[in-house]
Amino acid sequence: MDFGLGADQTDMNMKPSDARPIVHLELHTADQARASTFYAQLLRWRPEPIRAASGSYLALELGGGFGGGIVECGTRRPLWLPYVEVDQVEQFTKRARQLGATVLLEPREGPAGWRSVVSSPEGGEVAFWQPKR
């Protein structure tokens with residue numbers, strides 16, 4: 001299993017091809033309608049309602065084939081959550097924990113794949129995404 005930084009590697013040895021891509025960007029907000037209106041007027045991002053068991057979700061086409069969404073939730077402050085594609089969500093979650101991250105959402109399966117969410121020691125949040133193949 002290769003996390004891009006092996007025991008004998010440093011950041012200086014990493015090649016750009018080792019970087020894990022961001023594949024989805026999601027806004028978590030307490031006011032989905034207001035956020036949707038703002039981004040539609042400003043950037044012409046058109047929301048598409050998606051039926052979700054956990055609540056209201058608006059899918060967004062962000063341009064260039066890059067997707068995103070707006071989730072209405074009880075967050076105290078709105079935040080953008082990047083989803084990074086990985087090949088083993090459980091292993092990346094474990095490695096993040098070893099590096100000092102707090103696991104906010106343990107790996108779980110959804111209809112299209114598995115995901116988890118971690119917060120770095122500095123407070124930045126990132127989701128790991130492993131699509132079903």
# chains A, B, ... in the order shown; residues from 1 in each chain; ligands from 1
call {"tool": "select_by_dssp", "arguments": {"residues": "range 1-132 of chain A", "states": "strand (DSSP E)", "output": "ChimeraX atom specification"}}
result
/A:22-29,47-52,55-61,67-72,79-85,102-109,113-119,125-131
call {"tool": "residues_around", "arguments": {"residues": "range 31-39 of chain A", "least_positions_apart": "2", "cutoff": "12 Å", "atoms": "only C-alpha atoms", "output": "PyMOL selection string"}}
result
chain A and resi 26-29+41-49+55-62+68-80
call {"tool": "atom_distance", "arguments": {"atom1": "CA of Trp129 in chain A", "atom2": "CA of His24 in chain A"}}
result
9.0 Å
call {"tool": "atom_distance", "arguments": {"atom1": "CA of Glu122 in chain A", "atom2": "CA of Thr102 in chain A"}}
result
10.2 Å
call {"tool": "residues_around", "arguments": {"residues": "Gln91 in chain A", "least_positions_apart": "3", "cutoff": "12 Å", "atoms": "only C-alpha atoms", "output": "ChimeraX atom specification"}}
result
/A:1-3,86-88,94-98,106-107,114-116,128-130
call {"tool": "atom_distance", "arguments": {"atom1": "CA of Pro21 in chain A", "atom2": "CA of Val84 in chain A"}}
result
5.6 Å
call {"tool": "closest_residue", "arguments": {"among": "A:Val126, A:Ala40, A:Ala53, A:Leu81", "to": "Gly110 in chain A", "atoms": "only C-alpha atoms"}}
result
A:Ala53
call {"tool": "select_by_dssp", "arguments": {"residues": "chain A", "states": "helix (DSSP H, G or I)", "output": "PyMOL selection string"}}
result
chain A and resi 11-13+16-18+32-43+89-98
call {"tool": "write_last_selection", "arguments": {"atoms": "N, CA and C atoms", "output": "PDB file, in the first residue's frame"}}
result
ATOM      1  N   ASP A  11       8.749  14.815   1.092  1.00  0.00           N
ATOM      2  CA  ASP A  11       7.962  15.625   0.167  1.00  0.00           C
ATOM      3  C   ASP A  11       8.763  15.982  -1.075  1.00  0.00           C
ATOM      4  N   MET A  12      10.073  16.144  -0.942  1.00  0.00           N
ATOM      5  CA  MET A  12      10.919  16.536  -2.057  1.00  0.00           C
ATOM      6  C   MET A  12      11.024  15.429  -3.110  1.00  0.00           C
ATOM      7  N   ASN A  13      10.795  14.189  -2.725  1.00  0.00           N
ATOM      8  CA  ASN A  13      10.924  13.065  -3.647  1.00  0.00           C
ATOM      9  C   ASN A  13       9.632  12.761  -4.400  1.00  0.00           C
ATOM     10  N   PRO A  16       4.665  14.744  -9.270  1.00  0.00           N
ATOM     11  CA  PRO A  16       3.296  15.246  -9.407  1.00  0.00           C
ATOM     12  C   PRO A  16       2.290  14.133  -9.662  1.00  0.00           C
ATOM     13  N   SER A  17       2.711  13.040 -10.323  1.00  0.00           N
ATOM     14  CA  SER A  17       1.791  11.942 -10.611  1.00  0.00           C
ATOM     15  C   SER A  17       1.391  11.182  -9.347  1.00  0.00           C
ATOM     16  N   ASP A  18       2.109  11.389  -8.227  1.00  0.00           N
ATOM     17  CA  ASP A  18       1.765  10.735  -6.965  1.00  0.00           C
ATOM     18  C   ASP A  18       0.591  11.416  -6.251  1.00  0.00           C
ATOM     19  N   GLN A  32     -29.168  26.222   2.460  1.00  0.00           N
ATOM     20  CA  GLN A  32     -28.938  25.705   1.111  1.00  0.00           C
ATOM     21  C   GLN A  32     -29.537  26.610   0.037  1.00  0.00           C
ATOM     22  N   ALA A  33     -30.742  27.092   0.260  1.00  0.00           N
ATOM     23  CA  ALA A  33     -31.412  27.918  -0.744  1.00  0.00           C
ATOM     24  C   ALA A  33     -30.632  29.206  -0.998  1.00  0.00           C
ATOM     25  N   ARG A  34     -30.197  29.853   0.054  1.00  0.00           N
ATOM     26  CA  ARG A  34     -29.446  31.100  -0.094  1.00  0.00           C
ATOM     27  C   ARG A  34     -28.107  30.858  -0.798  1.00  0.00           C
ATOM     28  N   ALA A  35     -27.410  29.802  -0.403  1.00  0.00           N
ATOM     29  CA  ALA A  35     -26.126  29.477  -1.034  1.00  0.00           C
ATOM     30  C   ALA A  35     -26.322  29.155  -2.511  1.00  0.00           C
ATOM     31  N   SER A  36     -27.343  28.382  -2.812  1.00  0.00           N
ATOM     32  CA  SER A  36     -27.615  28.001  -4.196  1.00  0.00           C
ATOM     33  C   SER A  36     -27.906  29.228  -5.050  1.00  0.00           C
ATOM     34  N   THR A  37     -28.717  30.135  -4.544  1.00  0.00           N
ATOM     35  CA  THR A  37     -29.046  31.359  -5.273  1.00  0.00           C
ATOM     36  C   THR A  37     -27.801  32.207  -5.507  1.00  0.00           C
ATOM     37  N   PHE A  38     -26.970  32.355  -4.480  1.00  0.00           N
ATOM     38  CA  PHE A  38     -25.748  33.148  -4.595  1.00  0.00           C
ATOM     39  C   PHE A  38     -24.836  32.613  -5.695  1.00  0.00           C
ATOM     40  N   TYR A  39     -24.544  31.307  -5.674  1.00  0.00           N
ATOM     41  CA  TYR A  39     -23.616  30.741  -6.651  1.00  0.00           C
ATOM     42  C   TYR A  39     -24.218  30.676  -8.051  1.00  0.00           C
ATOM     43  N   ALA A  40     -25.528  30.515  -8.148  1.00  0.00           N
ATOM     44  CA  ALA A  40     -26.170  30.541  -9.469  1.00  0.00           C
ATOM     45  C   ALA A  40     -26.068  31.935 -10.081  1.00  0.00           C
ATOM     46  N   GLN A  41     -26.301  32.975  -9.277  1.00  0.00           N
ATOM     47  CA  GLN A  41     -26.226  34.343  -9.785  1.00  0.00           C
ATOM     48  C   GLN A  41     -24.787  34.765 -10.081  1.00  0.00           C
ATOM     49  N   LEU A  42     -23.870  34.383  -9.222  1.00  0.00           N
ATOM     50  CA  LEU A  42     -22.490  34.805  -9.375  1.00  0.00           C
ATOM     51  C   LEU A  42     -21.733  34.015 -10.442  1.00  0.00           C
ATOM     52  N   LEU A  43     -21.837  32.682 -10.400  1.00  0.00           N
ATOM     53  CA  LEU A  43     -20.999  31.814 -11.229  1.00  0.00           C
ATOM     54  C   LEU A  43     -21.772  30.971 -12.240  1.00  0.00           C
ATOM     55  N   VAL A  89     -10.087   3.588   1.053  1.00  0.00           N
ATOM     56  CA  VAL A  89     -10.554   4.611   1.989  1.00  0.00           C
ATOM     57  C   VAL A  89     -10.218   4.262   3.442  1.00  0.00           C
ATOM     58  N   GLU A  90     -10.321   3.008   3.813  1.00  0.00           N
ATOM     59  CA  GLU A  90     -10.023   2.626   5.195  1.00  0.00           C
ATOM     60  C   GLU A  90      -8.546   2.843   5.531  1.00  0.00           C
ATOM     61  N   GLN A  91      -7.659   2.523   4.600  1.00  0.00           N
ATOM     62  CA  GLN A  91      -6.230   2.688   4.845  1.00  0.00           C
ATOM     63  C   GLN A  91      -5.829   4.167   4.914  1.00  0.00           C
ATOM     64  N   PHE A  92      -6.413   4.997   4.058  1.00  0.00           N
ATOM     65  CA  PHE A  92      -6.101   6.428   4.107  1.00  0.00           C
ATOM     66  C   PHE A  92      -6.640   7.058   5.386  1.00  0.00           C
ATOM     67  N   THR A  93      -7.805   6.612   5.828  1.00  0.00           N
ATOM     68  CA  THR A  93      -8.366   7.118   7.081  1.00  0.00           C
ATOM     69  C   THR A  93      -7.473   6.732   8.254  1.00  0.00           C
ATOM     70  N   LYS A  94      -7.016   5.501   8.258  1.00  0.00           N
ATOM     71  CA  LYS A  94      -6.111   5.024   9.314  1.00  0.00           C
ATOM     72  C   LYS A  94      -4.814   5.821   9.301  1.00  0.00           C
ATOM     73  N   ARG A  95      -4.253   6.052   8.121  1.00  0.00           N
ATOM     74  CA  ARG A  95      -2.998   6.795   8.007  1.00  0.00           C
ATOM     75  C   ARG A  95      -3.173   8.246   8.470  1.00  0.00           C
ATOM     76  N   ALA A  96      -4.300   8.854   8.121  1.00  0.00           N
ATOM     77  CA  ALA A  96      -4.567  10.227   8.567  1.00  0.00           C
ATOM     78  C   ALA A  96      -4.614  10.287  10.093  1.00  0.00           C
ATOM     79  N   ARG A  97      -5.259   9.304  10.697  1.00  0.00           N
ATOM     80  CA  ARG A  97      -5.324   9.239  12.166  1.00  0.00           C
ATOM     81  C   ARG A  97      -3.917   9.114  12.759  1.00  0.00           C
ATOM     82  N   GLN A  98      -3.076   8.282  12.151  1.00  0.00           N
ATOM     83  CA  GLN A  98      -1.695   8.113  12.618  1.00  0.00           C
ATOM     84  C   GLN A  98      -0.908   9.419  12.526  1.00  0.00           C
TER      85      GLN A  98
END
